[in-house]
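Source file: run-v9.txt. Holds: compact mmCIF, C-alpha atoms.
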# COMPACT_ATOMS: atom_id res chain seq x y z
CA MET O 1 -15.95 20.42 -8.58
CA LYS O 2 -14.87 17.45 -10.61
CA LYS O 3 -15.35 17.85 -14.32
CA THR O 4 -13.88 14.73 -15.77
CA THR O 5 -15.46 11.30 -15.72
CA TYR O 6 -13.17 8.29 -15.78
CA PRO O 7 -15.30 5.36 -16.92
CA THR O 8 -12.86 2.74 -15.59
CA PRO O 9 -10.07 2.54 -13.00
CA GLN O 10 -7.64 2.18 -15.93
CA ASP O 11 -8.80 5.55 -17.26
CA ALA O 12 -8.21 7.14 -13.89
CA GLU O 13 -4.78 5.54 -13.69
CA ALA O 14 -3.83 6.72 -17.17
CA ALA O 15 -4.88 10.26 -16.25
CA PHE O 16 -2.87 10.05 -13.03
CA TYR O 17 0.36 9.17 -14.81
CA GLU O 18 -0.25 11.65 -17.60
CA ALA O 19 -0.66 14.38 -15.01
CA LEU O 20 2.48 13.20 -13.23
CA GLU O 21 4.59 13.21 -16.39
CA GLY O 22 3.18 16.54 -17.46
CA GLY O 23 3.60 18.13 -14.05
CA ASN O 24 -0.03 19.21 -14.21
CA LEU O 25 -1.32 19.73 -10.68
CA ASP O 26 -4.91 20.46 -11.64
CA ALA O 27 -5.09 17.35 -13.80
CA MET O 28 -3.51 15.33 -10.99
CA MET O 29 -6.01 16.49 -8.41
CA GLU O 30 -8.88 15.91 -10.80
CA VAL O 31 -8.08 12.20 -10.57
CA TRP O 32 -8.32 12.07 -6.78
CA ALA O 33 -11.54 11.66 -4.85
CA GLU O 34 -12.32 14.84 -2.96
CA ASP O 35 -12.35 13.14 0.38
CA GLU O 36 -10.85 13.52 3.81
CA GLU O 37 -9.89 9.85 3.85
CA ILE O 38 -7.72 9.63 0.73
CA VAL O 39 -4.18 8.44 1.35
CA CYS O 40 -0.95 9.16 -0.49
CA VAL O 41 2.52 7.85 0.34
CA HIS O 42 5.42 9.03 -1.79
CA PRO O 43 8.54 6.86 -1.90
CA GLY O 44 10.25 7.05 1.47
CA GLY O 45 7.69 9.55 2.64
CA GLU O 46 5.20 9.92 5.41
CA ARG O 47 1.54 9.11 4.97
CA LEU O 48 -0.54 12.02 3.76
CA VAL O 49 -4.25 11.93 4.51
CA GLY O 50 -6.97 14.10 3.03
CA TYR O 51 -7.35 16.10 -0.13
CA ALA O 52 -5.54 19.22 1.08
CA ALA O 53 -2.48 17.34 2.32
CA VAL O 54 -2.29 15.23 -0.82
CA ARG O 55 -2.60 18.29 -3.03
CA ALA O 56 0.05 20.23 -1.12
CA ALA O 57 2.57 17.43 -1.56
CA TRP O 58 1.94 17.12 -5.28
CA ALA O 59 2.22 20.89 -5.63
CA GLN O 60 5.62 20.72 -3.99
CA ILE O 61 6.76 17.84 -6.18
CA MET O 62 5.61 19.53 -9.33
CA ALA O 63 7.08 22.90 -8.40
CA SER O 64 10.48 21.68 -9.55
CA GLY O 65 9.19 21.74 -13.11
CA GLN O 66 11.41 18.81 -13.99
CA PRO O 67 9.78 16.67 -16.66
CA LEU O 68 9.45 13.10 -15.51
CA ARG O 69 9.20 9.95 -17.51
CA VAL O 70 7.27 7.12 -15.93
CA ARG O 71 7.39 3.68 -17.45
CA LEU O 72 4.83 1.34 -15.93
CA SER O 73 5.24 -2.39 -15.73
CA ASP O 74 3.94 -5.53 -14.08
CA GLN O 75 0.52 -4.16 -13.42
CA SER O 76 -1.91 -6.46 -11.73
CA VAL O 77 -5.49 -5.75 -10.85
CA LEU O 78 -7.30 -6.89 -7.74
CA SER O 79 -11.00 -6.57 -7.99
CA GLY O 80 -14.04 -8.14 -6.45
CA MET O 81 -17.49 -7.31 -5.28
CA MET O 82 -16.32 -6.18 -1.87
CA ILE O 83 -12.90 -4.78 -1.17
CA VAL O 84 -11.96 -2.68 1.83
CA VAL O 85 -8.69 -0.82 2.19
CA HIS O 86 -7.09 0.02 5.52
CA SER O 87 -4.36 2.57 6.01
CA LEU O 88 -2.39 2.55 9.23
CA HIS O 89 0.93 2.84 10.97
CA GLU O 90 2.79 -0.09 12.44
CA ASN O 91 5.27 0.76 15.15
CA LEU O 92 7.51 -2.27 15.25
CA SER O 93 9.87 -3.27 17.96
CA ILE O 94 11.63 -6.39 19.06
CA GLU O 95 10.25 -7.64 22.30
CA GLY O 96 12.46 -6.73 25.20
CA ALA O 97 14.77 -4.58 23.09
CA ARG O 98 15.39 -1.03 24.17
CA ARG O 99 15.67 0.41 20.73
CA PRO O 100 12.83 2.72 19.72
CA SER O 101 10.16 1.23 17.55
CA VAL O 102 10.41 1.56 13.80
CA PRO O 103 7.56 3.43 12.17
CA VAL O 104 6.06 1.78 9.11
CA VAL O 105 3.31 3.06 6.83
CA VAL O 106 0.92 0.33 5.78
CA THR O 107 -1.84 -0.19 3.25
CA ASN O 108 -3.81 -3.39 3.78
CA ALA O 109 -6.60 -4.53 1.48
CA TYR O 110 -9.18 -7.20 2.20
CA LEU O 111 -11.55 -9.04 -0.10
CA ARG O 112 -14.81 -10.61 0.91
CA SER O 113 -14.72 -14.22 -0.17
CA GLY O 114 -17.28 -16.97 0.12
CA ASN O 115 -15.84 -17.60 3.57
CA GLY O 116 -15.44 -14.21 5.20
CA TRP O 117 -12.74 -11.61 4.60
CA ARG O 118 -9.19 -12.32 3.54
CA MET O 119 -6.13 -10.19 2.97
CA ILE O 120 -5.18 -9.52 -0.63
CA VAL O 121 -2.64 -6.69 -0.23
CA HIS O 122 -0.13 -5.77 2.47
CA HIS O 123 2.08 -2.88 1.39
CA ALA O 124 4.46 -1.64 4.06
CA SER O 125 7.12 1.03 3.68
CA PRO O 126 9.46 2.72 6.13
CA ALA O 127 8.17 6.04 7.40
CA PRO O 128 10.63 8.87 7.92
CA GLN O 129 12.23 8.55 11.35
CA GLY O 130 10.68 10.57 14.12
CA GLN O 131 7.30 10.36 12.47
CA SER O 132 5.90 7.32 14.15
CA ALA O 133 2.73 9.04 15.22
CA ALA O 134 0.08 10.69 13.14
CA PRO O 135 1.78 13.10 10.79
CA GLN O 136 -1.47 14.85 10.12
CA ARG O 137 -2.59 15.08 13.73
CA PRO O 138 -1.00 16.31 16.91
CA ALA O 139 1.64 13.79 17.86
CA ASP O 140 0.42 13.18 21.40
CA ASP O 141 -2.89 11.53 20.76
CA GLY O 142 -1.59 8.03 21.30
CA PRO O 143 -2.34 4.85 19.44
CA LYS O 144 -5.63 4.82 17.63
CA ILE O 145 -7.85 1.89 17.09
CA LEU O 146 -6.79 -1.62 16.54
CA HIS O 147 -8.75 -4.74 16.53
CA MET L 1 -7.95 -25.19 2.75
CA LYS L 2 -9.00 -22.24 4.79
CA LYS L 3 -10.58 -23.10 8.11
CA THR L 4 -11.14 -19.78 9.76
CA THR L 5 -13.85 -17.31 8.91
CA TYR L 6 -13.18 -13.64 9.54
CA PRO L 7 -16.56 -11.95 9.62
CA THR L 8 -15.12 -8.46 9.06
CA PRO L 9 -11.93 -6.92 7.61
CA GLN L 10 -11.07 -5.84 11.17
CA ASP L 11 -11.15 -9.47 12.26
CA ALA L 12 -8.79 -10.41 9.44
CA GLU L 13 -6.48 -7.54 10.35
CA ALA L 14 -6.47 -8.52 14.02
CA ALA L 15 -5.56 -12.08 13.06
CA PHE L 16 -2.81 -10.81 10.76
CA TYR L 17 -1.09 -8.82 13.51
CA GLU L 18 -1.59 -11.54 16.07
CA ALA L 19 0.12 -14.00 13.72
CA LEU L 20 2.91 -11.50 13.08
CA GLU L 21 3.56 -10.90 16.77
CA GLY L 22 3.35 -14.59 17.53
CA GLY L 23 5.57 -15.60 14.62
CA ASN L 24 2.90 -18.06 13.58
CA LEU L 25 3.28 -18.79 9.88
CA ASP L 26 0.21 -20.99 9.57
CA ALA L 27 -1.97 -18.41 11.26
CA MET L 28 -0.48 -15.69 9.05
CA MET L 29 -1.18 -17.57 5.85
CA GLU L 30 -4.67 -18.41 7.01
CA VAL L 31 -5.45 -14.71 6.80
CA TRP L 32 -4.35 -14.37 3.17
CA ALA L 33 -6.55 -15.15 0.20
CA GLU L 34 -5.25 -18.22 -1.59
CA ASP L 35 -4.78 -16.42 -4.83
CA GLU L 36 -2.13 -15.89 -7.47
CA GLU L 37 -2.80 -12.15 -7.43
CA ILE L 38 -2.19 -11.31 -3.80
CA VAL L 39 0.52 -8.73 -3.21
CA CYS L 40 2.87 -8.22 -0.30
CA VAL L 41 5.55 -5.54 0.04
CA HIS L 42 7.71 -5.59 3.14
CA PRO L 43 9.43 -2.35 4.19
CA GLY L 44 12.15 -1.58 1.68
CA GLY L 45 11.40 -4.80 -0.10
CA GLU L 46 10.45 -5.94 -3.53
CA ARG L 47 6.90 -6.72 -4.52
CA LEU L 48 5.89 -10.31 -3.89
CA VAL L 49 3.02 -11.69 -5.92
CA GLY L 50 1.08 -14.88 -5.34
CA TYR L 51 0.46 -17.12 -2.37
CA ALA L 52 3.68 -19.13 -2.62
CA ALA L 53 5.94 -16.08 -2.81
CA VAL L 54 4.11 -14.32 0.00
CA ARG L 55 4.32 -17.40 2.19
CA ALA L 56 8.02 -17.94 1.49
CA ALA L 57 8.85 -14.40 2.58
CA TRP L 58 6.87 -14.67 5.78
CA ALA L 59 8.52 -18.01 6.51
CA GLN L 60 11.90 -16.36 6.17
CA ILE L 61 10.92 -13.44 8.40
CA MET L 62 9.51 -15.71 11.05
CA ALA L 63 12.45 -18.08 10.97
CA SER L 64 14.41 -15.66 13.12
CA GLY L 65 12.09 -16.51 15.98
CA GLN L 66 12.46 -13.01 17.36
CA PRO L 67 9.28 -11.95 19.12
CA LEU L 68 7.94 -8.74 17.65
CA ARG L 69 5.74 -6.13 19.18
CA VAL L 70 3.52 -4.22 16.82
CA ARG L 71 1.67 -1.16 18.01
CA LEU L 72 -0.89 0.02 15.50
CA SER L 73 -2.02 3.58 15.17
CA ASP L 74 -3.85 6.04 12.96
CA GLN L 75 -5.94 3.44 11.23
CA SER L 76 -8.33 4.69 8.63
CA VAL L 77 -10.74 2.64 6.60
CA LEU L 78 -11.60 3.20 2.96
CA SER L 79 -14.68 1.36 1.90
CA GLY L 80 -17.32 1.65 -0.73
CA MET L 81 -19.47 -0.40 -3.00
CA MET L 82 -16.80 -0.69 -5.67
CA ILE L 83 -13.11 -0.50 -5.00
CA VAL L 84 -10.39 -1.78 -7.30
CA VAL L 85 -6.76 -2.11 -6.32
CA HIS L 86 -3.89 -1.94 -8.78
CA SER L 87 -0.38 -3.11 -8.07
CA LEU L 88 2.40 -2.05 -10.39
CA HIS L 89 5.92 -0.81 -10.82
CA GLU L 90 6.80 2.73 -11.77
CA ASN L 91 10.17 3.18 -13.36
CA LEU L 92 10.87 6.85 -12.89
CA SER L 93 13.41 8.92 -14.71
CA ILE L 94 14.01 12.58 -15.36
CA GLU L 95 13.46 13.38 -18.98
CA GLY L 96 16.73 13.68 -20.83
CA ALA L 97 18.82 12.51 -17.89
CA ARG L 98 21.16 9.61 -18.39
CA ARG L 99 20.76 8.15 -14.96
CA PRO L 100 18.98 4.82 -14.83
CA SER L 101 15.35 4.89 -13.87
CA VAL L 102 14.37 4.41 -10.25
CA PRO L 103 12.12 1.43 -9.57
CA VAL L 104 9.13 2.11 -7.37
CA VAL L 105 6.54 -0.35 -6.10
CA VAL L 106 3.05 1.07 -6.18
CA THR L 107 -0.38 0.22 -4.84
CA ASN L 108 -3.17 2.36 -6.27
CA ALA L 109 -6.79 2.07 -5.20
CA TYR L 110 -9.79 3.49 -6.99
CA LEU L 111 -13.35 4.03 -5.84
CA ARG L 112 -16.37 4.19 -8.07
CA SER L 113 -18.17 7.43 -7.33
CA GLY L 114 -21.33 8.90 -8.74
CA ASN L 115 -19.16 10.32 -11.48
CA GLY L 116 -16.86 7.53 -12.59
CA TRP L 117 -13.74 6.23 -10.85
CA ARG L 118 -11.42 8.25 -8.67
CA MET L 119 -8.17 7.53 -6.89
CA ILE L 120 -8.37 7.02 -3.13
CA VAL L 121 -4.93 5.52 -2.39
CA HIS L 122 -1.49 5.92 -3.93
CA HIS L 123 1.16 4.10 -1.92
CA ALA L 124 4.62 4.18 -3.48
CA SER L 125 7.81 2.81 -1.99
CA PRO L 126 11.33 2.43 -3.32
CA ALA L 127 12.03 -1.02 -4.70
CA PRO L 128 15.44 -2.54 -4.13
CA GLN L 129 17.83 -1.34 -6.82
CA GLY L 130 18.28 -3.59 -9.79
CA GLN L 131 14.83 -5.08 -9.37
CA SER L 132 12.77 -2.96 -11.69
CA ALA L 133 11.54 -5.90 -13.69
CA ALA L 134 9.45 -8.81 -12.54
CA PRO L 135 10.33 -9.35 -8.90
CA GLN L 136 7.68 -11.96 -8.38
CA ARG L 137 10.10 -14.57 -9.57
CA PRO L 138 12.48 -15.91 -6.98
CA ALA L 139 14.89 -13.08 -6.27
CA ASP L 140 18.24 -14.74 -6.71
CA ASP L 141 19.86 -13.03 -3.78
CA GLY L 142 18.82 -9.45 -3.93
CA PRO L 143 18.15 -7.41 -0.84
CA LYS L 144 15.80 -9.24 1.44
CA ILE L 145 12.97 -8.02 3.45
CA LEU L 146 12.61 -7.38 7.09
CA HIS L 147 9.42 -6.69 8.77

As structure tokens, please, write out the structure in this file.
Amino acid sequence: MKKTTYPTPQDAEAAFYEALEGGNLDAMMEVWAEDEEIVCVHPGGERLVGYAAVRAAWAQIMASGQPLRVRLSDQSVLSGMMIVVHSLHENLSIEGARRPSVPVVVTNAYLRSGNGWRMIVHHASPAPQGQSAAPQRPADDGPKILH
Amino acid sequence: MKKTTYPTPQDAEAAFYEALEGGNLDAMMEVWAEDEEIVCVHPGGERLVGYAAVRAAWAQIMASGQPLRVRLSDQSVLSGMMIVVHSLHENLSIEGARRPSVPVVVTNAYLRSGNGWRMIVHHASPAPQGQSAAPQRPADDGPKILH
């Protein structure tokens, strides 16, 4: 049960970083939507999907008890009446090459404009090697979706 | 001037990956909103902000002419009536430690729920060292991309 109301995204963001600096897991998870679709990618890490997975990772991070300082900068805000966010994996390879594909974790955001949908964010980061498939699902369920 | 209309975010995403595989810069940039706030982060790369910077990076990537194959998997879609996306840098340090802070590029997304705003996406990736400040200016010759 969520107890706190964040009246704006900025309030939620402030609470997120306060929880991170304070190592406060309950406060951290209060900020997150209690949803099976939430996505969290820590630097250099795999994609975590769903409340339980996201919570478990934060619990592990905060278990060290080391007080962090986080200085934020260069914030920009992308807002609009209709924004949709996609989370996915790209498995990149060079055509014809025999090297295994490189797994990449991606967040794409799209904005509905006067003329259909357009991309506003593409954030790609290397996934840990050997994790090209779905870290949260059995690894043999093949490519999902696309187009 | 944008000529193509993508009726859904999936259409825009399909066009994005088709342009990427085909190395087609014009098609790639057709997908992006022509906006000073758009954000692109290539794997291991700095944050690029604004249409010109995003285009320049794609031009460089595509200049190699190497045909890419991109297999997508594990796509999930986060949608709602009100979503806001924040892009920012975290500069992380351990309290009291003398080591320089670690620059991290972050995309956070928030969803308006029945009870205020909550986080639905936190995507953090290591920024190239020495780039903690405003990377949207031309990066003199820092580490460069690769998609």

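In this model, the gap between CA of Ala33 (chain L) and CA of Ser87 (chain L) comes to 15.9 Å.
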
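Over all paired C-alpha atoms, chain O superimposes on chain L with an RMSD of 5.6 Å.
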
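Reported to one decimal place, the separation of CA of Ser101 (chain O) from CA of Asn24 (chain L) is 21.0 Å.
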
Would you work out the distance separating CA of Asp35 (chain L) from CA of Val106 (chain L), expressed in Å to one decimal?
19.2 Å

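With only C-alpha atoms taken into account, every residue lying no more than 9 Å from the file point (8.2, -6.5, 23.6) is included here: Ser93, Ile94, Glu95, Gly96 and Ala97 of chain O; Pro67, Leu68, Arg69 and Val70 of chain L.
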
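Proximity of O:Asp26, O:Glu90, O:Asp74, O:Glu46 to Pro128 (chain O), computed with only C-alpha atoms, is greatest for O:Glu46.
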
With distances taken over all atoms listed in the file, which of L:Trp58, L:Tyr51, L:Tyr6, L:Phe16 is nearest to chain O?
L:Tyr6

Give me the residues near Lys2 (chain L) as a PyMOL selection string, where near means some atom within 9 Å (using all atoms listed in the file) and where sequence neighbours in that chain fewer than 4 positions away do not count.
(chain O and resi 115) or (chain L and resi 30-31+33-34)

Nearby residues (all atoms listed in the file) at most 7 Å from region 108-111 of chain L, same-chain spacing under 4 positions excluded, as a PDB file with C-alpha atoms, in the frame of the given file:
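Contents of out-v9.pdb, as written:
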ATOM      1  CA  PRO O   9     -10.070   2.540 -13.000  1.00  0.00           C
TER       2      PRO O   9
ATOM      3  CA  GLY L  80     -17.320   1.650  -0.730  1.00  0.00           C
ATOM      4  CA  MET L  82     -16.800  -0.690  -5.670  1.00  0.00           C
ATOM      5  CA  ILE L  83     -13.110  -0.500  -5.000  1.00  0.00           C
ATOM      6  CA  VAL L  84     -10.390  -1.780  -7.300  1.00  0.00           C
ATOM      7  CA  VAL L  85      -6.760  -2.110  -6.320  1.00  0.00           C
ATOM      8  CA  HIS L  86      -3.890  -1.940  -8.780  1.00  0.00           C
ATOM      9  CA  SER L  87      -0.380  -3.110  -8.070  1.00  0.00           C
ATOM     10  CA  TRP L 117     -13.740   6.230 -10.850  1.00  0.00           C
ATOM     11  CA  ARG L 118     -11.420   8.250  -8.670  1.00  0.00           C
ATOM     12  CA  MET L 119      -8.170   7.530  -6.890  1.00  0.00           C
ATOM     13  CA  ILE L 120      -8.370   7.020  -3.130  1.00  0.00           C
ATOM     14  CA  VAL L 121      -4.930   5.520  -2.390  1.00  0.00           C
ATOM     15  CA  HIS L 122      -1.490   5.920  -3.930  1.00  0.00           C
ATOM     16  CA  HIS L 123       1.160   4.100  -1.920  1.00  0.00           C
TER      17      HIS L 123
END

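Here the question is which of O:Leu48, O:Val39, O:Val105, O:Ile61 gets nearest to chain L using all atoms listed in the file, and that residue is O:Val39.
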
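Closest approach to chain O from the set L:Arg47, L:Gln60, L:Ser76, L:Gln129 is made by L:Ser76, with distances taken over all atoms listed in the file.
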
Using only C-alpha atoms, pick whichever of O:Tyr17, O:Val49, O:Arg71, O:Pro100 has the shortest atom-to-atom distance to chain L.
O:Arg71
